[in-house]
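Contents: one structure, followed by commentary.
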Amino acid sequence: EGGAGEPAGWVHWYDELSQTAERLKSQHVTGLAVDVYAGGASLWQSDLTAGGPRWEGGAVDPSFDEENRLALLCRVNEQAGMGLVPTLRFDGIHPRIESLLGQVDCKPGLLCLGRDGEVRDASETLVGRHYNILDPRVQGAVLDVVAELVERLRGSGVVDGIALELSAKGWLHLPGVAWGLDDTTFLRFVQETGKGKTVLHDSGPNRFTA
């Protein structure tokens with residue numbers, strides 16, 4: 001429940017969503033693309049995310065109520081006769097990657113390094129982190145979120161597909177060409193392509209500038 005005389009947060013959210021869907025339907029809109037994962041939080045409760053839903057409390061301190069808002073979203077679209085494309089924007093903290101970074105014996109490669117050996121400037125990202133999408137552990141963390149969403153949507157007849165947003169302040173892409181240059185990632189590149197072997201024998205922060 002909400003405060004005195006106020007409905008629970010999800011009730012207000014559901015009412016607004018229903019009204020929006022009806023208005024769009026009257027304008028002959030046949031489908032919606034809606035963020036269901038962004039800022040490290042989701043529309044469903046999950047151990048894979050920093051919390052949810054992101055609409056209450058924001059990405060920094062998200063709160064969650066017991067109602068499954070993802071299911072409500074599907075229900076509203078079904079009632080309105082519109083298709084749904086849930087979207088995911090990887091621009092927030094990922095708890096599992098953070099857990100790996102906190103381990104004493106964590107292998108390098110989780111954070112995106114440039115040619116100067118430094119991570120991306122914190123001011124250029126939403127939460128001060130830019131994970132290295134070339135690292136299999138980061139890729140696995142992304143796939144886990146996608147797979148869980150797919151499982152939650154199983155059986156829904158309104159979902160037309162899932163979209164991944166490439167936000168400018170997200171970490172699902174490289175900031176530029178000369179990134180992902182930590183030793184672990186570069187070694188994997190050499191092993192898979194056979195190129196750049198001489199670079200591995202160099203040292204210093206600018207060893208990848210060639």
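Note on naming: chains are A, B, ... as they come in the structure tokens, residues start from 1 per chain, ligands start from 1 in the order shown.
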When you look at range 181-194 of chain A with a cut-off of 6 Å (counting only C-alpha atoms), what residues show up, excluding the ones that are within fewer than 4 positions of it in the same chain? I need them as an mmCIF file with C-alpha atoms, in the first residue's frame.
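Final output, saved to result-v5.cif:
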```cif
data_model
loop_
_atom_site.group_PDB
_atom_site.id
_atom_site.type_symbol
_atom_site.label_atom_id
_atom_site.label_comp_id
_atom_site.auth_asym_id
_atom_site.auth_seq_id
_atom_site.Cartn_x
_atom_site.Cartn_y
_atom_site.Cartn_z
ATOM 1 C CA GLY A 109 39.669 -7.652 -18.358
ATOM 2 C CA LEU A 113 40.809 -0.013 -20.911
ATOM 3 C CA GLY A 114 42.076 2.374 -23.569
#
```
Notebook entry, point to check: Which residues, written as a ChimeraX atom specification, have at least one atom at most 10 Å from Val85 in chain A, with only C-alpha atoms counted and residues fewer than 5 positions away on the same chain left out?
Noted result: /A:31-36,74,158-163
Next item on the list: Could you please determine the separation between CA of Arg137 in chain A and CA of Pro86 in chain A in Å, to one decimal place?
Entry: 23.9 Å
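Secondary structure by DSSP on the backbone puts the following residues of range 9-190 of chain A in strand (DSSP E or B): Gly31, Leu32, Ala33, Val34, Asp35, Val36, Tyr37, Ala38, Ala41, Ser42, Gly83, Leu84, Val85, Pro86, Thr87, Leu88, Arg89, Leu111, Leu113, Gly114, Val119, Tyr131, Val159, Ala163, Leu164, Glu165 and Trp179 of chain A.
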Item checked: DSSP-assigned alpha helix (DSSP H) members of range 19-111 of chain A, reported as a ChimeraX atom specification -> /A:19-26,69-80,95-101
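By chain and then residue number, the residues within 12 Å of Arg120 in chain A are A:Leu111, A:Cys112, A:Leu113, A:Gly114, A:Leu126, A:Val127, A:Gly128, A:Arg129, A:His130, A:Tyr131, A:Asn132, A:Lys169, A:Gly170, A:Trp171, A:Leu174, A:Pro175, A:Gly176, A:Ala178, A:Trp179, A:Gly180, A:Leu181, counting only C-alpha atoms and disregarding those fewer than 6 positions away in sequence.
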Now that the selection is made, can you save its residues with N, CA, C and O atoms as a PDB file, in the first residue's frame?
```pdb
ATOM      1  N   LEU A 111      36.965  -4.469 -16.911  1.00  0.00           N
ATOM      2  CA  LEU A 111      36.744  -3.057 -17.202  1.00  0.00           C
ATOM      3  C   LEU A 111      37.400  -2.686 -18.528  1.00  0.00           C
ATOM      4  O   LEU A 111      38.432  -3.233 -18.902  1.00  0.00           O
ATOM      5  N   CYS A 112      36.790  -1.744 -19.224  1.00  0.00           N
ATOM      6  CA  CYS A 112      37.252  -1.361 -20.552  1.00  0.00           C
ATOM      7  C   CYS A 112      38.435  -0.395 -20.448  1.00  0.00           C
ATOM      8  O   CYS A 112      38.304   0.710 -19.916  1.00  0.00           O
ATOM      9  N   LEU A 113      39.597  -0.828 -20.948  1.00  0.00           N
ATOM     10  CA  LEU A 113      40.809  -0.013 -20.911  1.00  0.00           C
ATOM     11  C   LEU A 113      41.142   0.526 -22.298  1.00  0.00           C
ATOM     12  O   LEU A 113      40.970  -0.164 -23.306  1.00  0.00           O
ATOM     13  N   GLY A 114      41.659   1.761 -22.320  1.00  0.00           N
ATOM     14  CA  GLY A 114      42.076   2.374 -23.569  1.00  0.00           C
ATOM     15  C   GLY A 114      43.549   2.148 -23.828  1.00  0.00           C
ATOM     16  O   GLY A 114      44.233   1.432 -23.098  1.00  0.00           O
ATOM     17  N   LEU A 126      27.002   6.505 -17.295  1.00  0.00           N
ATOM     18  CA  LEU A 126      25.876   6.824 -16.421  1.00  0.00           C
ATOM     19  C   LEU A 126      26.207   6.584 -14.958  1.00  0.00           C
ATOM     20  O   LEU A 126      25.794   7.342 -14.082  1.00  0.00           O
ATOM     21  N   VAL A 127      26.973   5.525 -14.676  1.00  0.00           N
ATOM     22  CA  VAL A 127      27.247   5.166 -13.281  1.00  0.00           C
ATOM     23  C   VAL A 127      28.736   5.054 -12.978  1.00  0.00           C
ATOM     24  O   VAL A 127      29.133   4.477 -11.976  1.00  0.00           O
ATOM     25  N   GLY A 128      29.573   5.611 -13.849  1.00  0.00           N
ATOM     26  CA  GLY A 128      31.004   5.610 -13.581  1.00  0.00           C
ATOM     27  C   GLY A 128      31.703   4.305 -13.888  1.00  0.00           C
ATOM     28  O   GLY A 128      32.850   4.103 -13.493  1.00  0.00           O
ATOM     29  N   ARG A 129      31.040   3.404 -14.579  1.00  0.00           N
ATOM     30  CA  ARG A 129      31.631   2.120 -14.947  1.00  0.00           C
ATOM     31  C   ARG A 129      31.439   1.878 -16.442  1.00  0.00           C
ATOM     32  O   ARG A 129      30.390   2.188 -17.001  1.00  0.00           O
ATOM     33  N   HIS A 130      32.461   1.335 -17.079  1.00  0.00           N
ATOM     34  CA  HIS A 130      32.290   0.845 -18.446  1.00  0.00           C
ATOM     35  C   HIS A 130      32.926  -0.535 -18.487  1.00  0.00           C
ATOM     36  O   HIS A 130      34.138  -0.682 -18.571  1.00  0.00           O
ATOM     37  N   TYR A 131      32.066  -1.547 -18.402  1.00  0.00           N
ATOM     38  CA  TYR A 131      32.564  -2.917 -18.449  1.00  0.00           C
ATOM     39  C   TYR A 131      33.060  -3.238 -19.858  1.00  0.00           C
ATOM     40  O   TYR A 131      32.623  -2.641 -20.841  1.00  0.00           O
ATOM     41  N   ASN A 132      33.955  -4.198 -19.934  1.00  0.00           N
ATOM     42  CA  ASN A 132      34.555  -4.594 -21.209  1.00  0.00           C
ATOM     43  C   ASN A 132      33.700  -5.669 -21.862  1.00  0.00           C
ATOM     44  O   ASN A 132      33.758  -6.841 -21.488  1.00  0.00           O
ATOM     45  N   LYS A 169      25.916   6.300 -23.218  1.00  0.00           N
ATOM     46  CA  LYS A 169      26.528   6.194 -21.899  1.00  0.00           C
ATOM     47  C   LYS A 169      26.426   4.778 -21.340  1.00  0.00           C
ATOM     48  O   LYS A 169      26.618   4.555 -20.152  1.00  0.00           O
ATOM     49  N   GLY A 170      26.136   3.834 -22.207  1.00  0.00           N
ATOM     50  CA  GLY A 170      26.069   2.443 -21.791  1.00  0.00           C
ATOM     51  C   GLY A 170      27.386   1.732 -22.016  1.00  0.00           C
ATOM     52  O   GLY A 170      28.359   2.311 -22.508  1.00  0.00           O
ATOM     53  N   TRP A 171      27.426   0.439 -21.675  1.00  0.00           N
ATOM     54  CA  TRP A 171      28.675  -0.322 -21.820  1.00  0.00           C
ATOM     55  C   TRP A 171      28.518  -1.552 -22.713  1.00  0.00           C
ATOM     56  O   TRP A 171      29.361  -2.459 -22.693  1.00  0.00           O
ATOM     57  N   LEU A 174      32.008  -0.565 -27.382  1.00  0.00           N
ATOM     58  CA  LEU A 174      33.301   0.019 -27.047  1.00  0.00           C
ATOM     59  C   LEU A 174      33.239   1.526 -27.269  1.00  0.00           C
ATOM     60  O   LEU A 174      32.582   1.988 -28.205  1.00  0.00           O
ATOM     61  N   PRO A 175      33.915   2.321 -26.435  1.00  0.00           N
ATOM     62  CA  PRO A 175      33.910   3.780 -26.608  1.00  0.00           C
ATOM     63  C   PRO A 175      34.527   4.216 -27.935  1.00  0.00           C
ATOM     64  O   PRO A 175      34.246   5.295 -28.437  1.00  0.00           O
ATOM     65  N   GLY A 176      35.387   3.378 -28.482  1.00  0.00           N
ATOM     66  CA  GLY A 176      36.059   3.681 -29.743  1.00  0.00           C
ATOM     67  C   GLY A 176      36.831   2.457 -30.201  1.00  0.00           C
ATOM     68  O   GLY A 176      36.744   1.381 -29.600  1.00  0.00           O
ATOM     69  N   ALA A 178      40.197   1.974 -30.274  1.00  0.00           N
ATOM     70  CA  ALA A 178      41.351   1.632 -29.431  1.00  0.00           C
ATOM     71  C   ALA A 178      40.937   1.422 -27.978  1.00  0.00           C
ATOM     72  O   ALA A 178      41.408   2.099 -27.061  1.00  0.00           O
ATOM     73  N   TRP A 179      40.036   0.468 -27.766  1.00  0.00           N
ATOM     74  CA  TRP A 179      39.590   0.138 -26.415  1.00  0.00           C
ATOM     75  C   TRP A 179      39.529  -1.375 -26.266  1.00  0.00           C
ATOM     76  O   TRP A 179      39.610  -2.104 -27.239  1.00  0.00           O
ATOM     77  N   GLY A 180      39.396  -1.825 -25.029  1.00  0.00           N
ATOM     78  CA  GLY A 180      39.452  -3.256 -24.768  1.00  0.00           C
ATOM     79  C   GLY A 180      40.878  -3.754 -24.889  1.00  0.00           C
ATOM     80  O   GLY A 180      41.138  -4.851 -25.374  1.00  0.00           O
ATOM     81  N   LEU A 181      41.835  -2.922 -24.433  1.00  0.00           N
ATOM     82  CA  LEU A 181      43.252  -3.216 -24.641  1.00  0.00           C
ATOM     83  C   LEU A 181      43.974  -3.674 -23.379  1.00  0.00           C
ATOM     84  O   LEU A 181      45.189  -3.511 -23.270  1.00  0.00           O
TER      85      LEU A 181
END
```
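CA of Thr30 in chain A is positioned 6.3 Å from CA of Gly83 in chain A.
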Check: Which residues, written as number ranges by chain, have at least one atom at most 9 Å from Leu101 in chain A, with only C-alpha atoms counted and residues fewer than 6 positions away on the same chain left out?
Finding: A: 107-108, 110-111
For those residues, write N, CA and C atoms to a file as a PDB file, in the first residue's frame.
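Once written, again-v2.pdb looks like this:
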```pdb
ATOM      1  N   LYS A 107      40.709 -11.875 -12.285  1.00  0.00           N
ATOM      2  CA  LYS A 107      41.546 -11.691 -13.462  1.00  0.00           C
ATOM      3  C   LYS A 107      41.181 -10.380 -14.146  1.00  0.00           C
ATOM      4  N   PRO A 108      42.159  -9.657 -14.691  1.00  0.00           N
ATOM      5  CA  PRO A 108      41.864  -8.391 -15.382  1.00  0.00           C
ATOM      6  C   PRO A 108      41.033  -8.630 -16.629  1.00  0.00           C
ATOM      7  N   LEU A 110      37.731  -7.127 -16.977  1.00  0.00           N
ATOM      8  CA  LEU A 110      36.318  -6.812 -16.775  1.00  0.00           C
ATOM      9  C   LEU A 110      35.989  -5.360 -17.102  1.00  0.00           C
ATOM     10  N   LEU A 111      36.965  -4.469 -16.911  1.00  0.00           N
ATOM     11  CA  LEU A 111      36.744  -3.057 -17.202  1.00  0.00           C
ATOM     12  C   LEU A 111      37.400  -2.686 -18.528  1.00  0.00           C
TER      13      LEU A 111
END
```
Considering only C-alpha atoms, give me a table of residues in range 31-140 of chain A that are at most 10 Å from range 15-23 of chain A, with the closest atom pair and distance in Å for each, as JSON lines.
```
{"residue": "A:Gly31", "atom": "CA", "partner": "A:Ala21", "partner_atom": "CA", "distance": 9.4}
{"residue": "A:Leu32", "atom": "CA", "partner": "A:Ala21", "partner_atom": "CA", "distance": 8.8}
{"residue": "A:Leu72", "atom": "CA", "partner": "A:Leu17", "partner_atom": "CA", "distance": 9.1}
{"residue": "A:Leu73", "atom": "CA", "partner": "A:Leu17", "partner_atom": "CA", "distance": 7.7}
{"residue": "A:Arg75", "atom": "CA", "partner": "A:Ser18", "partner_atom": "CA", "distance": 9.5}
{"residue": "A:Val76", "atom": "CA", "partner": "A:Ser18", "partner_atom": "CA", "distance": 6.0}
{"residue": "A:Asn77", "atom": "CA", "partner": "A:Ala21", "partner_atom": "CA", "distance": 7.0}
{"residue": "A:Gln79", "atom": "CA", "partner": "A:Ser18", "partner_atom": "CA", "distance": 9.0}
{"residue": "A:Ala80", "atom": "CA", "partner": "A:Glu22", "partner_atom": "CA", "distance": 6.4}
{"residue": "A:Gly81", "atom": "CA", "partner": "A:Ala21", "partner_atom": "CA", "distance": 9.4}
{"residue": "A:Met82", "atom": "CA", "partner": "A:Ala21", "partner_atom": "CA", "distance": 8.4}
```
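Take the candidates A:Val11, A:Val146, A:Leu70, A:Ile93 and check each one against Gly39 in chain A using only C-alpha atoms; the shortest distance goes to A:Ile93.
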